[in-house]
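Colleague: Dropping a structure here in structure tokens format, bear with me for questions.
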Amino acid sequence: MSTTRAAPASSGRRAAAGRHGHGTDPDHRRLSWRDRLYRFDMRYMPYVLIAPFFLIFLVFGLFPLVFNGVVALRNYRLDDPTLTGWAGLANFRQLFGDEDFWNALYNTFGIFLLSSVPQLLLALIVASLLNRRLRAQTWWRVGVLLPYVTPIVASTMVFSVFFSRDFGMANWVLGLFGIGGDEPINWRADKLHAWIAITTMVNWKWIGYNALLYLAAMQSIPRDVYEAAAVDGAGPWRQLWRITVPMIQPVIVFTVILSTIGGFQLFIEPMLFDLNSQAATGGPNGEWQTIAQLIYKVGWKDLNLGYAAAMSWALFLIILVVAGINTLLTNRISGGRSR
């Protein structure tokens with residue numbers, strides 16, 4: 001009796017499913033538009049959302065990089081369209097005997113060392129001060145970021161006047177301390193003074209930015225660690241180097257890599273510091289001409305794009321090597337490996 005009663009019920013359910021257009025096989029059932037939209041949202045929408053980034057990177061990132069590599073291996077001059085064909089490694093071999101390239105590399109290294117080392121050390125100290133309980137704490141934290149949000153062209157033009165020989169405030173301030181005497185310092189006359197002026201511009205802009213990165217990392221350190229160190233007799237300076245620096249080491253490595261890349265690509269500050277900025281010579285005798293300036297001059301002033309492309313690839317390799325060395329040194333100095 002129970003079997004004969006269950007059969008009509010199951011057949012009725014199949015008939016009802018047939019009337020509503022649904023089969024017993026889930027692979028062949030007809031989906032509503034809501035189900036199709038949900039399936040598209042779950043399966044394909046993530047790829048649709050990330051596709052613009054990869055398309056933009058392909059057009060404006062990867063393609064110029066590959067094309068620049070091809071140009072570096074060719075004779076490519078805008079002032080002589082007839083000079084074509086593959087040059088092989090001739091453009092790269094030319095670098096070894098180019099005095100302008102080695103002078104620019106020397107200037108770039110010098111400005112990089114004078115700017116990056118004090119910049120990161122001062123940023124670490126500023127972040128340590130901001131990590132304390134201060135009055136108007138938010139105001140101070142926002143204030144150190146103001147140089148970073150200031151347009152770089154505007155700030156560089158102001159500093160260019162600031163380091164003027166005859167009417168610059170830099171010489172006036174130094175004169176208050178008896179430095180310079182009757183003869184004002186010509187900040188554009190030699191390498192050292194020009195490097196100091198340019199590194200002042202760079203550090204003024206980037207110390208606050210790096211300090212906020214360090215401050216964000218310091219916020220994750222438990223206060224109990226500092227309290228225990230204070231009980232053991234460790235002062236603020238010892239806490240900074242023994243506790244803070246090792247615990248924020250990954251962020252320090254990150255800022256070292258960023259400062260290395262930015263330091264070797266320095267362009268706007270030395271470019272606008274020159275009174276004849278359109279020449280991109282970095283002074284009368286190339287006192288502060290960086291590699292980025294030289295690449296611009298060779299490519300768009302001398303119209304030798306093949307040689308300029310070779311310089312840019314050489315700069316890329318130099319940045320990789322220096323960034324790797326800086327990372328190893330930072331790990332060694334901070335007492336461990338980055339994670």
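Lettering and numbering for the structure tokens are positional, with chains as A, B, ... in the shown order, residues counted from 1 in each chain, and ligands counted from 1 in the shown order.
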Find the residues of range 208-318 of chain A that sit at most 10 Å from range 149-170 of chain A; for each, write down the nearest two atoms and how far apart they are in Å, to one decimal. Count only C-alpha atoms. Sort by chain, then by number going up, and give it as CSV.

Modeller:
residue,atom,partner,partner_atom,distance
A:Tyr209,CA,A:Val149,CA,9.3
A:Ile268,CA,A:Val153,CA,7.3
A:Glu269,CA,A:Thr156,CA,5.9
A:Pro270,CA,A:Thr156,CA,8.9
A:Met271,CA,A:Thr156,CA,9.4
A:Leu272,CA,A:Thr156,CA,6.7
A:Phe273,CA,A:Ser160,CA,5.4
A:Asp274,CA,A:Ser160,CA,8.2
A:Leu275,CA,A:Ser160,CA,8.7

Colleague: For Ala189 in chain A, list every protein, DNA or RNA residue within 10 Å, evaluated using only C-alpha atoms, and leave out those in the same chain fewer than 3 positions away; present the list as a list in words.

Modeller: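 Listed by chain and then number, they are Arg165, Ile185, Asn186, Leu192, His193, Ala194, Gly283, Pro284, Asn285, Glu287 and Trp288 of chain A.
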
Colleague: What would the file look like if the residues just selected were written as a tab-separated table (two decimals), in the first residue's frame with N, CA, C and O atoms?

Modeller:
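Generated output (selection-v2.tsv):
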chain	number	residue	atom	x	y	z
A	165	ARG	N	73.15	83.26	-5.04
A	165	ARG	CA	74.46	83.71	-4.55
A	165	ARG	C	74.37	85.06	-3.86
A	165	ARG	O	74.91	85.24	-2.76
A	185	ILE	N	78.63	82.47	-0.63
A	185	ILE	CA	78.85	81.17	-1.26
A	185	ILE	C	78.09	81.09	-2.57
A	185	ILE	O	76.90	81.41	-2.64
A	186	ASN	N	78.80	80.69	-3.61
A	186	ASN	CA	78.16	80.46	-4.91
A	186	ASN	C	77.77	78.99	-4.96
A	186	ASN	O	78.61	78.11	-5.20
A	192	LEU	N	80.32	70.21	-4.50
A	192	LEU	CA	79.90	70.00	-3.12
A	192	LEU	C	78.75	70.92	-2.73
A	192	LEU	O	77.74	70.47	-2.17
A	193	HIS	N	78.89	72.22	-3.02
A	193	HIS	CA	77.84	73.16	-2.65
A	193	HIS	C	76.56	72.90	-3.44
A	193	HIS	O	75.45	73.02	-2.91
A	194	ALA	N	76.70	72.54	-4.70
A	194	ALA	CA	75.51	72.23	-5.50
A	194	ALA	C	74.82	70.97	-4.98
A	194	ALA	O	73.58	70.91	-4.89
A	283	GLY	N	74.73	72.63	-14.77
A	283	GLY	CA	75.80	73.58	-14.48
A	283	GLY	C	76.71	73.78	-15.68
A	283	GLY	O	76.64	73.04	-16.67
A	284	PRO	N	77.58	74.78	-15.60
A	284	PRO	CA	78.47	75.07	-16.74
A	284	PRO	C	79.35	73.88	-17.12
A	284	PRO	O	79.60	73.65	-18.31
A	285	ASN	N	79.82	73.14	-16.14
A	285	ASN	CA	80.70	72.00	-16.40
A	285	ASN	C	80.10	70.69	-15.89
A	285	ASN	O	80.84	69.75	-15.57
A	287	GLU	N	78.40	70.20	-13.05
A	287	GLU	CA	78.70	70.01	-11.63
A	287	GLU	C	77.67	69.15	-10.92
A	287	GLU	O	78.01	68.42	-9.99
A	288	TRP	N	76.42	69.25	-11.32
A	288	TRP	CA	75.38	68.47	-10.65
A	288	TRP	C	74.47	67.74	-11.65
A	288	TRP	O	73.34	67.41	-11.34

Colleague: Please return, as a PyMOL selection string, all residues of range 100-299 of chain A that DSSP assigns to alpha helix (DSSP H) on the basis of the backbone.

Modeller: chain A and resi 100-130+137-143+146-149+152-162+169-176+191-218+223-231+236-239+245-247+249-264+268-273+291-296

Colleague: I'd like the neighbourhood of Ile319 in chain A as a list in words, where a residue qualifies if any of its atoms comes within 10 Å (using only C-alpha atoms), though same-chain residues fewer than 2 positions away should be ignored.

Modeller: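 Near Ile319 in chain A, the qualifying residues are Ile257, Thr260, Ile261, Gly262, Gly263, Phe264, Gln265, Trp313, Ala314, Leu315, Phe316, Leu317, Val321, Val322, Ala323, Gly324 and Ile325 of chain A.
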
Colleague: Let me see the file: selected residues, all heavy atoms, as a compact mmCIF listing (two decimals), in the first residue's frame.

Modeller:
# COMPACT_ATOMS: atom_id res chain seq x y z
N ILE A 257 64.70 50.94 -0.30
CA ILE A 257 64.54 50.63 -1.73
C ILE A 257 63.90 51.81 -2.45
O ILE A 257 64.34 52.19 -3.55
CB ILE A 257 63.71 49.35 -1.90
CG1 ILE A 257 64.47 48.14 -1.34
CG2 ILE A 257 63.39 49.12 -3.37
CD1 ILE A 257 63.69 46.86 -1.36
N THR A 260 66.41 54.58 -2.85
CA THR A 260 67.40 54.22 -3.87
C THR A 260 66.87 54.48 -5.26
O THR A 260 67.55 55.09 -6.11
CB THR A 260 67.81 52.75 -3.72
OG1 THR A 260 68.33 52.52 -2.41
CG2 THR A 260 68.87 52.38 -4.75
N ILE A 261 65.65 54.02 -5.52
CA ILE A 261 65.06 54.24 -6.84
C ILE A 261 64.88 55.73 -7.11
O ILE A 261 65.24 56.24 -8.18
CB ILE A 261 63.72 53.51 -6.93
CG1 ILE A 261 63.93 51.99 -6.82
CG2 ILE A 261 63.01 53.83 -8.25
CD1 ILE A 261 62.65 51.20 -6.74
N GLY A 262 64.33 56.45 -6.13
CA GLY A 262 64.12 57.89 -6.33
C GLY A 262 65.41 58.67 -6.44
O GLY A 262 65.51 59.62 -7.23
N GLY A 263 66.44 58.27 -5.66
CA GLY A 263 67.70 58.98 -5.70
C GLY A 263 68.42 58.85 -7.03
O GLY A 263 69.03 59.82 -7.52
N PHE A 264 68.36 57.68 -7.64
CA PHE A 264 69.04 57.48 -8.92
C PHE A 264 68.21 58.00 -10.10
O PHE A 264 68.74 58.13 -11.21
CB PHE A 264 69.37 56.01 -9.12
CG PHE A 264 70.62 55.59 -8.44
CD1 PHE A 264 70.60 55.17 -7.12
CD2 PHE A 264 71.83 55.63 -9.09
CE1 PHE A 264 71.76 54.79 -6.47
CE2 PHE A 264 73.01 55.25 -8.45
CZ PHE A 264 72.97 54.84 -7.13
N GLN A 265 66.94 58.27 -9.88
CA GLN A 265 66.12 58.85 -10.93
C GLN A 265 65.89 60.35 -10.74
O GLN A 265 64.99 60.92 -11.35
CB GLN A 265 64.76 58.13 -10.99
CG GLN A 265 64.85 56.69 -11.45
CD GLN A 265 63.50 56.02 -11.50
OE1 GLN A 265 62.53 56.49 -10.90
NE2 GLN A 265 63.41 54.92 -12.22
N TRP A 313 68.78 51.76 -19.75
CA TRP A 313 68.92 50.37 -19.33
C TRP A 313 70.11 50.20 -18.38
O TRP A 313 70.06 49.40 -17.44
CB TRP A 313 69.07 49.46 -20.53
CG TRP A 313 67.74 49.03 -21.07
CD1 TRP A 313 67.06 49.57 -22.11
CD2 TRP A 313 66.92 47.97 -20.57
NE1 TRP A 313 65.86 48.92 -22.30
CE2 TRP A 313 65.75 47.93 -21.37
CE3 TRP A 313 67.06 47.06 -19.54
CZ2 TRP A 313 64.74 47.01 -21.15
CZ3 TRP A 313 66.05 46.14 -19.32
CH2 TRP A 313 64.90 46.12 -20.12
N ALA A 314 71.18 50.94 -18.61
CA ALA A 314 72.31 50.90 -17.69
C ALA A 314 71.90 51.44 -16.32
O ALA A 314 72.29 50.88 -15.28
CB ALA A 314 73.48 51.72 -18.25
N LEU A 315 71.10 52.50 -16.31
CA LEU A 315 70.60 53.04 -15.05
C LEU A 315 69.72 52.02 -14.34
O LEU A 315 69.78 51.88 -13.11
CB LEU A 315 69.83 54.33 -15.31
CG LEU A 315 69.16 54.99 -14.10
CD1 LEU A 315 70.20 55.36 -13.05
CD2 LEU A 315 68.37 56.22 -14.53
N PHE A 316 68.90 51.31 -15.08
CA PHE A 316 68.04 50.28 -14.50
C PHE A 316 68.87 49.20 -13.80
O PHE A 316 68.56 48.79 -12.67
CB PHE A 316 67.17 49.68 -15.60
CG PHE A 316 66.37 48.48 -15.16
CD1 PHE A 316 65.28 48.62 -14.33
CD2 PHE A 316 66.72 47.21 -15.60
CE1 PHE A 316 64.54 47.52 -13.92
CE2 PHE A 316 65.99 46.10 -15.21
CZ PHE A 316 64.90 46.25 -14.37
N LEU A 317 69.93 48.75 -14.44
CA LEU A 317 70.78 47.72 -13.84
C LEU A 317 71.51 48.25 -12.62
O LEU A 317 71.67 47.54 -11.61
CB LEU A 317 71.77 47.20 -14.89
CG LEU A 317 71.17 46.49 -16.10
CD1 LEU A 317 72.25 46.10 -17.09
CD2 LEU A 317 70.38 45.25 -15.66
N VAL A 321 71.35 46.77 -8.68
CA VAL A 321 72.52 46.37 -7.91
C VAL A 321 72.60 47.16 -6.60
O VAL A 321 72.79 46.58 -5.52
CB VAL A 321 73.80 46.57 -8.74
CG1 VAL A 321 75.03 46.33 -7.89
CG2 VAL A 321 73.80 45.64 -9.94
N VAL A 322 72.43 48.47 -6.68
CA VAL A 322 72.54 49.30 -5.48
C VAL A 322 71.41 49.00 -4.51
O VAL A 322 71.61 48.95 -3.28
CB VAL A 322 72.56 50.79 -5.87
CG1 VAL A 322 72.55 51.68 -4.62
CG2 VAL A 322 73.77 51.10 -6.73
N ALA A 323 70.19 48.79 -5.01
CA ALA A 323 69.07 48.45 -4.14
C ALA A 323 69.32 47.13 -3.42
O ALA A 323 69.01 46.99 -2.23
CB ALA A 323 67.77 48.40 -4.94
N GLY A 324 69.88 46.15 -4.13
CA GLY A 324 70.19 44.88 -3.49
C GLY A 324 71.25 45.03 -2.41
O GLY A 324 71.13 44.45 -1.32
N ILE A 325 72.30 45.81 -2.69
CA ILE A 325 73.34 46.04 -1.69
C ILE A 325 72.78 46.76 -0.48
O ILE A 325 73.08 46.41 0.68
CB ILE A 325 74.51 46.82 -2.32
CG1 ILE A 325 75.19 45.98 -3.40
CG2 ILE A 325 75.52 47.24 -1.25
CD1 ILE A 325 76.27 46.73 -4.16

Colleague: Excluding Thr255 in chain A and residues on its chain fewer than 6 positions from it, collect all residues at most 12 Å away from it, counting only C-alpha atoms, and give them as a ChimeraX atom specification.

Modeller: /A:116-117,119-121,123-124,206-207,209-214,217,248-249,261-263,323,326-327,330

Colleague: As an exercise, work out the distance from CA of Ile333 in chain A to CA of Ala228 in chain A in Å and give it to one decimal place.

Modeller: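 If I compute the distance from CA of Ile333 in chain A to CA of Ala228 in chain A, I get 23.8 Å.
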
Colleague: Which residues are close to Leu114 in chain A, i.e. within 8 Å by only C-alpha atoms, leaving aside same-chain residues fewer than 3 positions away? Reply as number ranges by chain.

Modeller: A: 110-111, 117-118, 195-196, 199

Colleague: With a distance cut-off of 9 Å and only C-alpha atoms, select the neighbouring residues of Lys297 in chain A, excluding the residue or stretch itself and same-chain residues fewer than 3 positions from it, and output the selection as a PyMOL selection string.

Modeller: chain A and resi 279-281+292-294+300-303+308

Colleague: May I have the residues from that selection written out with N, CA, C and O atoms, as an mmCIF file, in the first residue's frame?

Modeller:
data_model
loop_
_atom_site.group_PDB
_atom_site.id
_atom_site.type_symbol
_atom_site.label_atom_id
_atom_site.label_comp_id
_atom_site.auth_asym_id
_atom_site.auth_seq_id
_atom_site.Cartn_x
_atom_site.Cartn_y
_atom_site.Cartn_z
ATOM 1 N N ALA A 279 68.892 73.537 -21.064
ATOM 2 C CA ALA A 279 70.080 72.872 -21.605
ATOM 3 C C ALA A 279 70.317 71.509 -20.962
ATOM 4 O O ALA A 279 70.952 70.639 -21.566
ATOM 5 N N ALA A 280 69.829 71.323 -19.750
ATOM 6 C CA ALA A 280 69.965 70.050 -19.022
ATOM 7 C C ALA A 280 71.423 69.636 -18.854
ATOM 8 O O ALA A 280 71.749 68.453 -18.864
ATOM 9 N N THR A 281 72.303 70.632 -18.684
ATOM 10 C CA THR A 281 73.724 70.334 -18.525
ATOM 11 C C THR A 281 74.136 70.185 -17.071
ATOM 12 O O THR A 281 75.248 69.732 -16.791
ATOM 13 N N ALA A 292 69.659 60.953 -15.043
ATOM 14 C CA ALA A 292 68.351 61.247 -15.646
ATOM 15 C C ALA A 292 68.429 62.490 -16.519
ATOM 16 O O ALA A 292 67.829 62.542 -17.601
ATOM 17 N N GLN A 293 69.145 63.504 -16.072
ATOM 18 C CA GLN A 293 69.333 64.695 -16.894
ATOM 19 C C GLN A 293 70.101 64.370 -18.168
ATOM 20 O O GLN A 293 69.757 64.863 -19.253
ATOM 21 N N LEU A 294 71.139 63.568 -18.037
ATOM 22 C CA LEU A 294 71.951 63.221 -19.210
ATOM 23 C C LEU A 294 71.129 62.430 -20.222
ATOM 24 O O LEU A 294 71.263 62.639 -21.439
ATOM 25 N N TRP A 300 66.648 64.048 -26.175
ATOM 26 C CA TRP A 300 65.774 65.084 -26.717
ATOM 27 C C TRP A 300 66.487 66.371 -27.071
ATOM 28 O O TRP A 300 65.864 67.270 -27.656
ATOM 29 N N LYS A 301 67.757 66.493 -26.715
ATOM 30 C CA LYS A 301 68.541 67.640 -27.162
ATOM 31 C C LYS A 301 69.508 67.238 -28.274
ATOM 32 O O LYS A 301 69.588 67.912 -29.309
ATOM 33 N N ASP A 302 70.224 66.129 -28.056
ATOM 34 C CA ASP A 302 71.122 65.621 -29.093
ATOM 35 C C ASP A 302 70.410 64.709 -30.085
ATOM 36 O O ASP A 302 71.013 64.312 -31.084
ATOM 37 N N LEU A 303 69.175 64.319 -29.777
ATOM 38 C CA LEU A 303 68.309 63.517 -30.666
ATOM 39 C C LEU A 303 68.880 62.127 -30.959
ATOM 40 O O LEU A 303 68.589 61.538 -31.991
ATOM 41 N N ALA A 308 70.474 57.101 -25.752
ATOM 42 C CA ALA A 308 69.714 57.430 -24.536
ATOM 43 C C ALA A 308 69.016 56.195 -23.973
ATOM 44 O O ALA A 308 68.953 56.007 -22.751
#

Colleague: Please list as a PyMOL selection string every residue within 9 Å of Met311 in chain A, counting only C-alpha atoms and excluding residues in the same chain fewer than 6 positions away.

Modeller: chain A and resi 72+91-92+95+101+291-292+294-295

Colleague: Pull all heavy atoms from the residues just selected and write them as a PDB file, in the first residue's frame.

Modeller:
ATOM      1  N   ALA A  72      67.527  50.504 -27.821  1.00  0.00           N
ATOM      2  CA  ALA A  72      68.895  50.507 -27.299  1.00  0.00           C
ATOM      3  C   ALA A  72      69.836  49.668 -28.151  1.00  0.00           C
ATOM      4  O   ALA A  72      71.053  49.879 -28.125  1.00  0.00           O
ATOM      5  CB  ALA A  72      68.905  49.995 -25.861  1.00  0.00           C
ATOM      6  N   ASN A  91      75.990  50.770 -28.574  1.00  0.00           N
ATOM      7  CA  ASN A  91      75.546  51.851 -27.688  1.00  0.00           C
ATOM      8  C   ASN A  91      75.988  51.608 -26.253  1.00  0.00           C
ATOM      9  O   ASN A  91      76.338  52.555 -25.537  1.00  0.00           O
ATOM     10  CB  ASN A  91      74.025  51.987 -27.754  1.00  0.00           C
ATOM     11  CG  ASN A  91      73.547  52.543 -29.088  1.00  0.00           C
ATOM     12  OD1 ASN A  91      74.215  53.376 -29.700  1.00  0.00           O
ATOM     13  ND2 ASN A  91      72.397  52.075 -29.550  1.00  0.00           N
ATOM     14  N   PHE A  92      75.996  50.352 -25.831  1.00  0.00           N
ATOM     15  CA  PHE A  92      76.425  50.043 -24.467  1.00  0.00           C
ATOM     16  C   PHE A  92      77.941  50.153 -24.336  1.00  0.00           C
ATOM     17  O   PHE A  92      78.449  50.591 -23.293  1.00  0.00           O
ATOM     18  CB  PHE A  92      75.962  48.641 -24.075  1.00  0.00           C
ATOM     19  CG  PHE A  92      74.468  48.514 -23.948  1.00  0.00           C
ATOM     20  CD1 PHE A  92      73.693  48.074 -25.016  1.00  0.00           C
ATOM     21  CD2 PHE A  92      73.835  48.849 -22.766  1.00  0.00           C
ATOM     22  CE1 PHE A  92      72.315  47.964 -24.903  1.00  0.00           C
ATOM     23  CE2 PHE A  92      72.456  48.734 -22.639  1.00  0.00           C
ATOM     24  CZ  PHE A  92      71.698  48.293 -23.707  1.00  0.00           C
ATOM     25  N   LEU A  95      79.240  53.643 -23.599  1.00  0.00           N
ATOM     26  CA  LEU A  95      79.125  54.162 -22.243  1.00  0.00           C
ATOM     27  C   LEU A  95      80.455  54.122 -21.499  1.00  0.00           C
ATOM     28  O   LEU A  95      80.760  55.018 -20.703  1.00  0.00           O
ATOM     29  CB  LEU A  95      78.079  53.355 -21.459  1.00  0.00           C
ATOM     30  CG  LEU A  95      76.626  53.484 -21.902  1.00  0.00           C
ATOM     31  CD1 LEU A  95      75.757  52.507 -21.119  1.00  0.00           C
ATOM     32  CD2 LEU A  95      76.126  54.904 -21.693  1.00  0.00           C
ATOM     33  N   PHE A 101      78.925  60.439 -19.107  1.00  0.00           N
ATOM     34  CA  PHE A 101      78.179  59.419 -18.386  1.00  0.00           C
ATOM     35  C   PHE A 101      78.787  59.156 -17.015  1.00  0.00           C
ATOM     36  O   PHE A 101      78.075  59.074 -16.012  1.00  0.00           O
ATOM     37  CB  PHE A 101      78.145  58.125 -19.204  1.00  0.00           C
ATOM     38  CG  PHE A 101      77.502  56.972 -18.484  1.00  0.00           C
ATOM     39  CD1 PHE A 101      76.119  56.888 -18.371  1.00  0.00           C
ATOM     40  CD2 PHE A 101      78.278  55.975 -17.910  1.00  0.00           C
ATOM     41  CE1 PHE A 101      75.524  55.834 -17.692  1.00  0.00           C
ATOM     42  CE2 PHE A 101      77.695  54.911 -17.243  1.00  0.00           C
ATOM     43  CZ  PHE A 101      76.311  54.840 -17.134  1.00  0.00           C
ATOM     44  N   ILE A 291      72.208  61.287 -14.002  1.00  0.00           N
ATOM     45  CA  ILE A 291      72.023  60.401 -15.153  1.00  0.00           C
ATOM     46  C   ILE A 291      70.687  60.673 -15.832  1.00  0.00           C
ATOM     47  O   ILE A 291      70.593  60.627 -17.066  1.00  0.00           O
ATOM     48  CB  ILE A 291      72.125  58.927 -14.710  1.00  0.00           C
ATOM     49  CG1 ILE A 291      73.535  58.639 -14.185  1.00  0.00           C
ATOM     50  CG2 ILE A 291      71.814  57.993 -15.866  1.00  0.00           C
ATOM     51  CD1 ILE A 291      73.750  57.205 -13.778  1.00  0.00           C
ATOM     52  N   ALA A 292      69.659  60.953 -15.043  1.00  0.00           N
ATOM     53  CA  ALA A 292      68.351  61.247 -15.646  1.00  0.00           C
ATOM     54  C   ALA A 292      68.429  62.490 -16.519  1.00  0.00           C
ATOM     55  O   ALA A 292      67.829  62.542 -17.601  1.00  0.00           O
ATOM     56  CB  ALA A 292      67.295  61.417 -14.554  1.00  0.00           C
ATOM     57  N   LEU A 294      71.139  63.568 -18.037  1.00  0.00           N
ATOM     58  CA  LEU A 294      71.951  63.221 -19.210  1.00  0.00           C
ATOM     59  C   LEU A 294      71.129  62.430 -20.222  1.00  0.00           C
ATOM     60  O   LEU A 294      71.263  62.639 -21.439  1.00  0.00           O
ATOM     61  CB  LEU A 294      73.182  62.429 -18.775  1.00  0.00           C
ATOM     62  CG  LEU A 294      74.164  62.043 -19.893  1.00  0.00           C
ATOM     63  CD1 LEU A 294      74.719  63.282 -20.578  1.00  0.00           C
ATOM     64  CD2 LEU A 294      75.292  61.184 -19.334  1.00  0.00           C
ATOM     65  N   ILE A 295      70.288  61.517 -19.747  1.00  0.00           N
ATOM     66  CA  ILE A 295      69.425  60.761 -20.660  1.00  0.00           C
ATOM     67  C   ILE A 295      68.496  61.705 -21.410  1.00  0.00           C
ATOM     68  O   ILE A 295      68.297  61.574 -22.627  1.00  0.00           O
ATOM     69  CB  ILE A 295      68.631  59.705 -19.874  1.00  0.00           C
ATOM     70  CG1 ILE A 295      69.569  58.622 -19.337  1.00  0.00           C
ATOM     71  CG2 ILE A 295      67.550  59.065 -20.748  1.00  0.00           C
ATOM     72  CD1 ILE A 295      68.891  57.629 -18.424  1.00  0.00           C
TER      73      ILE A 295
END

Colleague: Hey, can you check how far CA of Trp86 in chain A sits from CA of Asp98 in chain A?

Modeller: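 Computing it gives 20.7 Å between the two atoms.
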